[in-house]
Amino acid sequence: MAELQFTLHATSNNSKARAGTMTTDHGEINTPIFMPVGTVGSVKAVTQQQLYNDVKAQIILGNTYHLYLRPGLEVLEAAGGLHQFIGWQKPILTDSGGYQVFSLAASRKITEKGVMFQSHIDGSKHLFTPEVVMDIERTIGADIMMAFDECPPYPSDYTYAKNSMELTHRWLDRCFTQFNNTPDKYGYTQNLFPIVQGGTYKDLRTESCQYIASKNAAGNAIGGLSVGEPMEMMYEFTALCCEALPQNKPRYLMGVGTPWNILECIDLGIDMFDCVMPTRNGRNGMLFTSKGVINIRNKKWSKDFTPLDDGIPNEMSNYYSKAYLRHLFVANEILALQLASIHNLSFYLWLVTEARTQILNGNFISWKTEMVERLQTRL
RNA sequence: GAGAUCGUAGCUCAGUAGGUUAGAGCGUCAGUUUGUGGCACUGAAGGCCGGGGGUUCGAGACCCCUCGGUCUCC
């Protein structure tokens, strides 16, 4: 039972990309890694068996805010934590609810103490403080607990971004105090990752990175990006943060992104990603494949009996045809959501695994350049 | 052969007592989705209202003829 360890195996010589291994009490995670999002204890439309066997997920996400509301701490604690409750024995990372401060902006109130949420389920009010969030994440049993932060919207003026960042830093102190004063809940080691904020201001981002780095945490996250800013700006600030954060700790870019976003950000030195895109967009008929992007609902696929994607080593993607999946979507069949989600996640996991191989082989940049171009093709 | 009834978007149909650029659902097409309040959302294309003639200031609606479908009867 030990704190999360990060071992770097290789760094690309003409980029900042790196290949590593994170070791947790629930197993190893090879980086760079993509983490499927399972907000309420379920990666929507995908079973845990499929996550293990088809998607080959190494770690998944849960959400503090959503799990706290349902099923609630009583059930989670009685179950022995989220791993036991949902039947997932690999690592779990929980987002703190900080993003919900941003996405559910209409029904919350931010103060120094914390955030007063109004439940989207029944309208009841709940106060989330850094201390409360740490306790909840302990009870969920996350291997990686994210600090409670505020994710400012884009655009935010300098004053707002600065005040927000400083609040996030004060909350971070309280998170660490609470974290250090509470034991691991279920016997295995839980880790706390702080989150860089600072909006789209270089001096604030740099300051935030330095503050976050001073905590000497097992890993560090970059938040507040991909919230509507131009893509080039997202890359610019990701690069800046990667430079300013410790080299020997995993860097997690929260909420990103498209396949090409991920490759570009691996190039900049990011090790961990999560995004709802493969599942949410998949449920809406958008497929990410090794040859480009497909809107599977389009009639052009109605008689295309070739595999969803024969460019990745995933049995389901090789087995089912585009015409069949289109039919399932048009017929509004539940299986459509399952196959699209499994395929997209499998593709994402294949992509980061392949990126890792290319980094280890020293071919990352040339491979990435070609892939970024190809993956964006509209088929 | 006679009577009844229907004919409006690719499909199924709305279109009040005749009144502005004829609507809906589905389908088609396109776009959106980035630490999940979404099997979602936004938009577009698509009609000589079966055809012809007439009444009227004005007809998808009313009248006549005609073509086609359906049903009933002889």
# chains A, B, ... in the order shown; residues from 1 in each chain; ligands from 1
$ residues_around --residues "A:Phe85" --least-positions-apart "4" --cutoff "12 Å" --atoms "only C-alpha atoms (C1' of nucleotides)" --output "ChimeraX atom specification"
/A:40-42,48,67,71-81,89,139-141
$ interface_residues --of "chain B" --to "chain A" --cutoff "9 Å" --atoms "only C-alpha atoms (C1' of nucleotides)" --output "PDB file with N, CA and C atoms (P, O5', C5', C4', C3', O3' and C1' of nucleotides), in the first residue's frame"
ATOM      1  P     U B  28     -32.812   8.754 -42.586  1.00  0.00           P
ATOM      2  O5'   U B  28     -32.652   9.795 -43.781  1.00  0.00           O
ATOM      3  C5'   U B  28     -32.679   9.348 -45.129  1.00  0.00           C
ATOM      4  C4'   U B  28     -32.455  10.521 -46.048  1.00  0.00           C
ATOM      5  C3'   U B  28     -31.244  11.371 -45.707  1.00  0.00           C
ATOM      6  O3'   U B  28     -30.047  10.803 -46.220  1.00  0.00           O
ATOM      7  C1'   U B  28     -33.105  12.779 -46.102  1.00  0.00           C
ATOM      8  P     C B  29     -28.721  10.903 -45.353  1.00  0.00           P
ATOM      9  O5'   C B  29     -28.353  12.435 -45.512  1.00  0.00           O
ATOM     10  C5'   C B  29     -28.059  12.972 -46.804  1.00  0.00           C
ATOM     11  C4'   C B  29     -27.913  14.472 -46.707  1.00  0.00           C
ATOM     12  C3'   C B  29     -26.992  14.957 -45.598  1.00  0.00           C
ATOM     13  O3'   C B  29     -25.639  14.846 -45.941  1.00  0.00           O
ATOM     14  C1'   C B  29     -28.973  16.247 -45.603  1.00  0.00           C
ATOM     15  P     U B  33     -18.526  21.743 -31.079  1.00  0.00           P
ATOM     16  O5'   U B  33     -19.117  20.902 -29.858  1.00  0.00           O
ATOM     17  C5'   U B  33     -19.810  21.568 -28.776  1.00  0.00           C
ATOM     18  C4'   U B  33     -20.533  20.492 -27.975  1.00  0.00           C
ATOM     19  C3'   U B  33     -19.576  19.499 -27.316  1.00  0.00           C
ATOM     20  O3'   U B  33     -19.845  19.365 -25.924  1.00  0.00           O
ATOM     21  C1'   U B  33     -21.223  18.361 -28.601  1.00  0.00           C
ATOM     22  P     U B  34     -19.052  20.230 -24.854  1.00  0.00           P
ATOM     23  O5'   U B  34     -17.648  19.478 -24.737  1.00  0.00           O
ATOM     24  C5'   U B  34     -17.603  18.104 -24.287  1.00  0.00           C
ATOM     25  C4'   U B  34     -16.171  17.799 -23.887  1.00  0.00           C
ATOM     26  C3'   U B  34     -15.610  18.785 -22.860  1.00  0.00           C
ATOM     27  O3'   U B  34     -15.092  18.149 -21.698  1.00  0.00           O
ATOM     28  C1'   U B  34     -14.221  18.666 -24.805  1.00  0.00           C
ATOM     29  P     G B  35     -16.024  17.153 -20.785  1.00  0.00           P
ATOM     30  O5'   G B  35     -15.110  16.409 -19.720  1.00  0.00           O
ATOM     31  C5'   G B  35     -14.261  17.236 -18.873  1.00  0.00           C
ATOM     32  C4'   G B  35     -14.069  16.479 -17.600  1.00  0.00           C
ATOM     33  C3'   G B  35     -15.206  16.688 -16.601  1.00  0.00           C
ATOM     34  O3'   G B  35     -16.092  15.577 -16.680  1.00  0.00           O
ATOM     35  C1'   G B  35     -13.114  17.352 -15.667  1.00  0.00           C
ATOM     36  P     U B  36     -17.359  15.492 -15.494  1.00  0.00           P
ATOM     37  O5'   U B  36     -18.626  16.092 -16.258  1.00  0.00           O
ATOM     38  C5'   U B  36     -18.889  15.739 -17.613  1.00  0.00           C
ATOM     39  C4'   U B  36     -20.360  15.885 -17.852  1.00  0.00           C
ATOM     40  C3'   U B  36     -21.192  15.207 -16.720  1.00  0.00           C
ATOM     41  O3'   U B  36     -21.903  16.054 -15.816  1.00  0.00           O
ATOM     42  C1'   U B  36     -21.605  14.206 -18.918  1.00  0.00           C
ATOM     43  P     G B  37     -22.739  17.303 -15.975  1.00  0.00           P
ATOM     44  O5'   G B  37     -24.252  16.750 -15.859  1.00  0.00           O
ATOM     45  C5'   G B  37     -25.075  16.712 -17.001  1.00  0.00           C
ATOM     46  C4'   G B  37     -26.452  16.336 -16.510  1.00  0.00           C
ATOM     47  C3'   G B  37     -27.434  16.317 -17.651  1.00  0.00           C
ATOM     48  O3'   G B  37     -28.029  15.050 -17.702  1.00  0.00           O
ATOM     49  C1'   G B  37     -28.231  17.629 -15.837  1.00  0.00           C
ATOM     50  P     G B  38     -27.760  13.768 -17.918  1.00  0.00           P
ATOM     51  O5'   G B  38     -28.629  13.566 -19.190  1.00  0.00           O
ATOM     52  C5'   G B  38     -28.098  13.974 -20.387  1.00  0.00           C
ATOM     53  C4'   G B  38     -29.149  14.001 -21.407  1.00  0.00           C
ATOM     54  C3'   G B  38     -28.813  13.001 -22.481  1.00  0.00           C
ATOM     55  O3'   G B  38     -29.990  12.358 -22.890  1.00  0.00           O
ATOM     56  C1'   G B  38     -28.351  15.293 -23.137  1.00  0.00           C
ATOM     57  P     C B  39     -29.853  10.768 -23.209  1.00  0.00           P
ATOM     58  O5'   C B  39     -29.174  10.660 -24.635  1.00  0.00           O
ATOM     59  C5'   C B  39     -29.783  11.108 -25.801  1.00  0.00           C
ATOM     60  C4'   C B  39     -29.693  10.033 -26.834  1.00  0.00           C
ATOM     61  C3'   C B  39     -31.015   9.825 -27.555  1.00  0.00           C
ATOM     62  O3'   C B  39     -31.103  10.702 -28.651  1.00  0.00           O
ATOM     63  C1'   C B  39     -30.210   7.742 -26.801  1.00  0.00           C
ATOM     64  P     A B  40     -32.510  11.430 -28.929  1.00  0.00           P
ATOM     65  O5'   A B  40     -32.266  12.898 -28.359  1.00  0.00           O
ATOM     66  C5'   A B  40     -32.569  13.215 -27.007  1.00  0.00           C
ATOM     67  C4'   A B  40     -31.798  14.445 -26.613  1.00  0.00           C
ATOM     68  C3'   A B  40     -31.992  15.628 -27.560  1.00  0.00           C
ATOM     69  O3'   A B  40     -33.164  16.333 -27.237  1.00  0.00           O
ATOM     70  C1'   A B  40     -29.687  15.318 -27.156  1.00  0.00           C
TER      71        A B  40
END
$ select_by_dssp --residues "stretch 160-310 of chain A" --states "strand (DSSP E)" --output "list in words"
Asn191, Leu192, Phe193, Ile195, Val196, Asn220, Ala221, Ile222, Arg251, Tyr252, Leu253, Met272, Phe273, Asp274, Met286, Leu287, Phe288, Thr289, Gly292, Val293, Ile294 and Asn295 of chain A
$ closest_residue --among "A:Ser321, A:Glu264, A:Pro155, A:Ser341" --to "A:Thr47" --atoms "only C-alpha atoms"
A:Ser341
$ closest_residue --among "A:Phe148, A:Val372, A:Val293, A:Ala331" --to "B:C26" --atoms "only C-alpha atoms (C1' of nucleotides)"
A:Ala331
$ select_by_dssp --residues "stretch 54-244 of chain A" --states "helix (DSSP H, G or I)" --output "ChimeraX atom specification"
/A:54-55,64-69,73-79,82-86,98-103,105-107,130-140,158-180,202-214,231-244
$ residues_around --residues "B:G3" --least-positions-apart "5" --cutoff "12 Å" --atoms "only C-alpha atoms (C1' of nucleotides)" --output "count of residues only"
4
$ residues_around --residues "stretch 52-66 of chain B" --least-positions-apart "5" --cutoff "9 Å" --atoms "only C-alpha atoms (C1' of nucleotides)" --output "list in words"
U8, G15, G18, G19 and A22 of chain B
$ closest_residue --among "A:Thr353, A:Ser164, A:Gln178, A:Ser124" --to "A:Ile262" --atoms "only C-alpha atoms"
A:Thr353
$ residues_around --residues "A:Trp350" --least-positions-apart "5" --cutoff "9 Å" --atoms "only C-alpha atoms (C1' of nucleotides)" --output "PDB file with C-alpha atoms, in the first residue's frame"
ATOM      1  CA  VAL A  55     -12.030  -1.054 -24.443  1.00  0.00           C
ATOM      2  CA  LYS A  56      -9.023  -2.145 -22.380  1.00  0.00           C
ATOM      3  CA  ILE A 312      -7.507  -0.914 -34.709  1.00  0.00           C
ATOM      4  CA  PRO A 313      -7.182  -4.290 -32.995  1.00  0.00           C
ATOM      5  CA  ASN A 314     -10.621  -4.278 -31.403  1.00  0.00           C
ATOM      6  CA  LEU A 345     -13.510   4.237 -26.363  1.00  0.00           C
ATOM      7  CA  ALA A 355       1.258   6.961 -29.087  1.00  0.00           C
TER       8      ALA A 355
END
